[in-house]
Amino acid sequence: MNKSVLAVNISWNPYQWRRPYTNPHAGHSYVHDHPGHESLNFKFDKKIDTNGFIHGYVQWQYVPKKFVKGGMVLFYTKNIETRESHIVGVYGDVEILDPVISVRHEKFENNSLIINLKAKKSLSLLFPLPLDSKNYIKGRMVGQVGFTYYDERLALKIITDEYNHLSRVGNILQDEIVKLNNIHKYICGKDLAGSRIPLKSYADKDNDEVEQDAIEKYISKQSREEMINELKNLKPGDPEKVQIRSNSFKRDNKTIAQIKILRGYKCQICSKSIKKKNGGKYIEAAHVVPKHKQGNELPKNIIILCPNHHKEFDLGNRIIIEHDEKKLKFIMNGKKYVIDLTFRI
């Protein structure tokens, strides 16, 4: 191991550092009026970002001269709502930009977003499950402004812990699990071990999506009435495999494909979908009752969500108020939602 590791302090952002944020509780009047430049550290599609590299900002009084290009940056923050301190993300293969560069952005002072970090996108991640810093360092991990040097072993411990936490959640976080393994391998040259979900299940997830795409083509000529009747007649004990034009498919994938078609490939929270390069639309199926808690692929238990709302639904602070065959009422991160579970011909 020979990677520089910095822990840096960034101001709390309830939008996960993907939207400009001004802190109304800050002691300095400047912060009341101007968002911190680190507000977009985990928005990886800024104009300056590319497919290979992302950019961010850390406020420090002087540049960390001992930092070696290609090292790691761990992001530490204090949650102003809970008063808890967390490690919330990582940049990998980092280059410190000195002098800093400025990018035009209307939300910031003088319409300029300041950038002083460049990192490899494939090695950078906002942790879906923030880690309590007290499990690693007693007291503050970093000063109010600036950075602290740490040993590579701390970075490996943090990456491993996040990896293992995510592995317990389920397949929805396979992208992040794979990325954490890549970060670990970048630091020490070795794959992570001990995950409860083997990396090969990432391929299983991809295979399900490929199968659903194939099924959609086969059943696209079905009428809405035929699809709705099939879904109404589904039972938990139905065979796991179905035959469509002499091809065998998972029954669950057929159910999800039908629901996607009937919902118009639109997120049931924001009505958005992703356009694929082949002209099709990408959308995801979320389980109200998770599969690891015996949730099934019956229509009552499946809602169609965009990737962002899918992960918020799985990982956010969610309270189910009412759930039956017709509707799902829930509160997610303080906001109330009602989703219609019925189908109209």
# chains A, B, ... in the order shown; residues from 1 in each chain; ligands from 1
>>> residues_around(residues="A:Leu97", least_positions_apart="3", cutoff="8 Å", atoms="only C-alpha atoms", output="number ranges by chain")
A: 100-101, 115-118
>>> residues_around(residues="stretch 176-181 of chain A", least_positions_apart="5", cutoff="8 Å", atoms="only C-alpha atoms", output="JSON list (two decimals) with C-alpha atoms, in the first residue's frame")
[["chain", "number", "residue", "atom", "x", "y", "z"],
["A", 122, "SER", "CA", -15.25, 4.76, -11.10],
["A", 123, "LEU", "CA", -13.46, 5.07, -7.72],
["A", 124, "SER", "CA", -15.66, 7.77, -6.16],
["A", 125, "LEU", "CA", -18.89, 7.23, -4.25],
["A", 159, "ILE", "CA", -14.34, 0.81, 2.60],
["A", 160, "THR", "CA", -14.70, -2.73, 3.96],
["A", 162, "GLU", "CA", -19.43, 0.15, 4.01],
["A", 163, "TYR", "CA", -19.13, -2.81, 1.65],
["A", 166, "LEU", "CA", -24.45, -2.65, 1.82],
["A", 167, "SER", "CA", -24.13, -6.38, 1.26],
["A", 191, "ASP", "CA", -10.48, -7.89, -3.82],
["A", 192, "LEU", "CA", -12.63, -7.54, -0.74],
["A", 199, "LEU", "CA", -20.21, -10.27, -6.76]]
>>> closest_residue(among="A:Lys138, A:Arg153, A:Lys221, A:Arg104", to="A:Val5", atoms="only C-alpha atoms")
A:Arg153
>>> residues_around(residues="stretch 324-329 of chain A", least_positions_apart="3", cutoff="12 Å", atoms="only C-alpha atoms", output="MDAnalysis selection string")
chainID A and resid 231:232 268:269 287:289 298:303 318:321 332 335:344
>>> write_last_selection(atoms="C-alpha atoms", output="short mmCIF file (atom, residue, chain, number, x, y, z; two decimals), in the first residue's frame")
data_model
loop_
_atom_site.label_atom_id
_atom_site.label_comp_id
_atom_site.auth_asym_id
_atom_site.auth_seq_id
_atom_site.Cartn_x
_atom_site.Cartn_y
_atom_site.Cartn_z
CA LEU A 231 -51.98 -10.10 -13.19
CA LYS A 232 -55.29 -10.30 -11.29
CA GLN A 268 -44.97 6.31 -9.88
CA ILE A 269 -43.50 9.12 -7.77
CA HIS A 287 -40.74 -4.24 -3.74
CA VAL A 288 -42.95 -2.75 -1.02
CA VAL A 289 -42.13 -5.75 1.17
CA LEU A 298 -47.52 -9.98 -7.05
CA PRO A 299 -48.88 -6.63 -8.37
CA LYS A 300 -49.78 -5.44 -4.87
CA ASN A 301 -46.11 -5.63 -3.88
CA ILE A 302 -44.52 -4.05 -6.99
CA ILE A 303 -44.25 -0.35 -7.75
CA ARG A 318 -39.93 5.19 5.21
CA ILE A 319 -43.13 4.56 7.16
CA ILE A 320 -45.98 2.58 5.55
CA ILE A 321 -49.35 4.10 6.54
CA MET A 332 -40.61 8.88 3.01
CA LYS A 335 -42.92 13.66 2.74
CA LYS A 336 -46.26 11.87 2.27
CA TYR A 337 -46.97 9.83 -0.89
CA VAL A 338 -49.99 7.95 -2.21
CA ILE A 339 -49.44 5.46 -5.07
CA ASP A 340 -52.31 3.96 -7.04
CA LEU A 341 -51.87 0.17 -7.33
CA THR A 342 -54.85 -0.41 -9.63
CA PHE A 343 -54.74 -0.86 -13.41
CA ARG A 344 -57.10 0.82 -15.87
#
>>> atom_distance(atom1="atom CA of A:Leu305", atom2="atom CA of A:Arg263")
10.1 Å
>>> atom_distance(atom1="atom CA of A:Tyr149", atom2="atom CA of A:Lys43")
25.0 Å
>>> closest_residue(among="A:Phe108, A:Asp33, A:Val58, A:Phe44", to="A:Pro20", atoms="only C-alpha atoms")
A:Phe108
>>> select_by_dssp(residues="stretch 255-307 of chain A", states="strand (DSSP E or B)", output="PyMOL selection string")
chain A and resi 274-275+281-282+284-287+302-305
>>> residues_around(residues="A:Leu6", least_positions_apart="4", cutoff="7 Å", atoms="only C-alpha atoms", output="PyMOL selection string")
chain A and resi 72-74+147-150
>>> decode(residues="stretch 8-23 of chain A", atoms="all heavy atoms", output="short mmCIF file (atom, residue, chain, number, x, y, z; two decimals), in the first residue's frame")
data_model
loop_
_atom_site.label_atom_id
_atom_site.label_comp_id
_atom_site.auth_asym_id
_atom_site.auth_seq_id
_atom_site.Cartn_x
_atom_site.Cartn_y
_atom_site.Cartn_z
N VAL A 8 -11.33 14.89 4.98
CA VAL A 8 -11.62 16.31 4.84
C VAL A 8 -13.00 16.61 5.40
O VAL A 8 -13.90 15.75 5.39
CB VAL A 8 -11.54 16.76 3.37
CG1 VAL A 8 -10.15 16.51 2.81
CG2 VAL A 8 -12.59 16.05 2.51
N ASN A 9 -13.18 17.81 5.89
CA ASN A 9 -14.46 18.23 6.46
C ASN A 9 -15.28 18.95 5.39
O ASN A 9 -14.78 19.85 4.71
CB ASN A 9 -14.23 19.16 7.64
CG ASN A 9 -15.52 19.55 8.33
OD1 ASN A 9 -16.16 18.74 8.99
ND2 ASN A 9 -15.91 20.80 8.17
N ILE A 10 -16.55 18.55 5.24
CA ILE A 10 -17.46 19.28 4.36
C ILE A 10 -18.73 19.60 5.15
O ILE A 10 -19.14 18.85 6.03
CB ILE A 10 -17.81 18.50 3.07
CG1 ILE A 10 -18.41 17.11 3.38
CG2 ILE A 10 -16.61 18.39 2.17
CD1 ILE A 10 -18.90 16.39 2.14
N SER A 11 -19.32 20.74 4.83
CA SER A 11 -20.53 21.18 5.53
C SER A 11 -21.69 20.24 5.24
O SER A 11 -21.82 19.71 4.13
CB SER A 11 -20.92 22.60 5.10
OG SER A 11 -19.87 23.50 5.40
N TRP A 12 -22.53 20.04 6.23
CA TRP A 12 -23.70 19.17 6.09
C TRP A 12 -24.59 19.66 4.95
O TRP A 12 -24.78 20.86 4.74
CB TRP A 12 -24.49 19.16 7.40
CG TRP A 12 -25.84 18.52 7.29
CD1 TRP A 12 -27.05 19.14 7.44
CD2 TRP A 12 -26.13 17.16 7.00
NE1 TRP A 12 -28.07 18.24 7.28
CE2 TRP A 12 -27.53 17.01 6.99
CE3 TRP A 12 -25.33 16.04 6.74
CZ2 TRP A 12 -28.15 15.80 6.73
CZ3 TRP A 12 -25.95 14.84 6.48
CH2 TRP A 12 -27.34 14.71 6.49
N ASN A 13 -25.15 18.71 4.19
CA ASN A 13 -26.04 19.03 3.08
C ASN A 13 -27.16 17.99 3.06
O ASN A 13 -26.92 16.82 2.79
CB ASN A 13 -25.27 18.99 1.76
CG ASN A 13 -26.09 19.43 0.57
OD1 ASN A 13 -27.23 19.00 0.40
ND2 ASN A 13 -25.52 20.27 -0.29
N PRO A 14 -28.41 18.40 3.35
CA PRO A 14 -29.52 17.43 3.39
C PRO A 14 -29.88 16.88 2.02
O PRO A 14 -30.65 15.93 1.93
CB PRO A 14 -30.68 18.25 3.97
CG PRO A 14 -30.36 19.66 3.61
CD PRO A 14 -28.86 19.76 3.66
N TYR A 15 -29.32 17.46 0.95
CA TYR A 15 -29.59 16.98 -0.41
C TYR A 15 -28.46 16.09 -0.92
O TYR A 15 -28.30 15.90 -2.13
CB TYR A 15 -29.80 18.16 -1.35
CG TYR A 15 -30.86 19.11 -0.88
CD1 TYR A 15 -30.54 20.42 -0.48
CD2 TYR A 15 -32.19 18.72 -0.80
CE1 TYR A 15 -31.52 21.29 -0.04
CE2 TYR A 15 -33.18 19.58 -0.35
CZ TYR A 15 -32.83 20.87 0.03
OH TYR A 15 -33.82 21.72 0.48
N GLN A 16 -27.66 15.54 0.01
CA GLN A 16 -26.60 14.59 -0.32
C GLN A 16 -25.55 15.17 -1.26
O GLN A 16 -25.00 14.48 -2.10
CB GLN A 16 -27.20 13.31 -0.91
CG GLN A 16 -28.13 12.58 0.06
CD GLN A 16 -28.58 11.25 -0.45
OE1 GLN A 16 -29.03 11.12 -1.59
NE2 GLN A 16 -28.45 10.21 0.38
N TRP A 17 -25.28 16.45 -1.11
CA TRP A 17 -24.23 17.13 -1.87
C TRP A 17 -24.46 17.01 -3.38
O TRP A 17 -23.53 16.91 -4.17
CB TRP A 17 -22.84 16.60 -1.49
CG TRP A 17 -22.55 16.86 -0.05
CD1 TRP A 17 -22.02 17.99 0.49
CD2 TRP A 17 -22.84 15.99 1.06
NE1 TRP A 17 -21.95 17.89 1.86
CE2 TRP A 17 -22.45 16.66 2.24
CE3 TRP A 17 -23.38 14.72 1.16
CZ2 TRP A 17 -22.58 16.11 3.49
CZ3 TRP A 17 -23.52 14.16 2.42
CH2 TRP A 17 -23.12 14.84 3.57
N ARG A 18 -25.76 17.09 -3.73
CA ARG A 18 -26.14 17.08 -5.15
C ARG A 18 -26.92 18.33 -5.53
O ARG A 18 -27.30 18.48 -6.68
CB ARG A 18 -26.96 15.82 -5.47
CG ARG A 18 -26.15 14.53 -5.31
CD ARG A 18 -26.95 13.33 -5.78
NE ARG A 18 -26.16 12.12 -5.74
CZ ARG A 18 -26.43 11.06 -4.96
NH1 ARG A 18 -27.49 11.09 -4.17
NH2 ARG A 18 -25.68 10.00 -4.99
N ARG A 19 -27.16 19.21 -4.53
CA ARG A 19 -27.85 20.48 -4.79
C ARG A 19 -27.20 21.57 -3.95
O ARG A 19 -26.77 21.31 -2.83
CB ARG A 19 -29.34 20.38 -4.42
CG ARG A 19 -30.17 19.56 -5.38
CD ARG A 19 -31.57 19.33 -4.83
NE ARG A 19 -32.26 20.56 -4.45
CZ ARG A 19 -33.44 20.60 -3.86
NH1 ARG A 19 -34.08 19.47 -3.59
NH2 ARG A 19 -34.00 21.75 -3.56
N PRO A 20 -27.12 22.80 -4.48
CA PRO A 20 -26.59 23.91 -3.67
C PRO A 20 -27.40 24.08 -2.40
O PRO A 20 -28.63 24.00 -2.43
CB PRO A 20 -26.73 25.12 -4.60
CG PRO A 20 -26.75 24.55 -5.98
CD PRO A 20 -27.46 23.22 -5.85
N TYR A 21 -26.72 24.33 -1.29
CA TYR A 21 -27.40 24.41 0.00
C TYR A 21 -26.81 25.53 0.84
O TYR A 21 -25.60 25.63 1.01
CB TYR A 21 -27.26 23.08 0.74
CG TYR A 21 -27.82 23.09 2.16
CD1 TYR A 21 -29.17 23.27 2.40
CD2 TYR A 21 -26.97 22.94 3.25
CE1 TYR A 21 -29.68 23.28 3.69
CE2 TYR A 21 -27.47 22.94 4.55
CZ TYR A 21 -28.82 23.12 4.76
OH TYR A 21 -29.32 23.13 6.04
N THR A 22 -27.69 26.39 1.35
CA THR A 22 -27.28 27.41 2.31
C THR A 22 -27.78 26.99 3.68
O THR A 22 -28.95 26.65 3.84
CB THR A 22 -27.86 28.78 1.93
OG1 THR A 22 -29.27 28.67 1.81
CG2 THR A 22 -27.27 29.28 0.62
N ASN A 23 -26.91 27.03 4.67
CA ASN A 23 -27.23 26.55 6.01
C ASN A 23 -27.83 27.68 6.85
O ASN A 23 -27.12 28.61 7.23
CB ASN A 23 -25.96 26.01 6.66
CG ASN A 23 -26.22 25.47 8.06
OD1 ASN A 23 -27.35 25.46 8.55
ND2 ASN A 23 -25.16 25.01 8.71
#
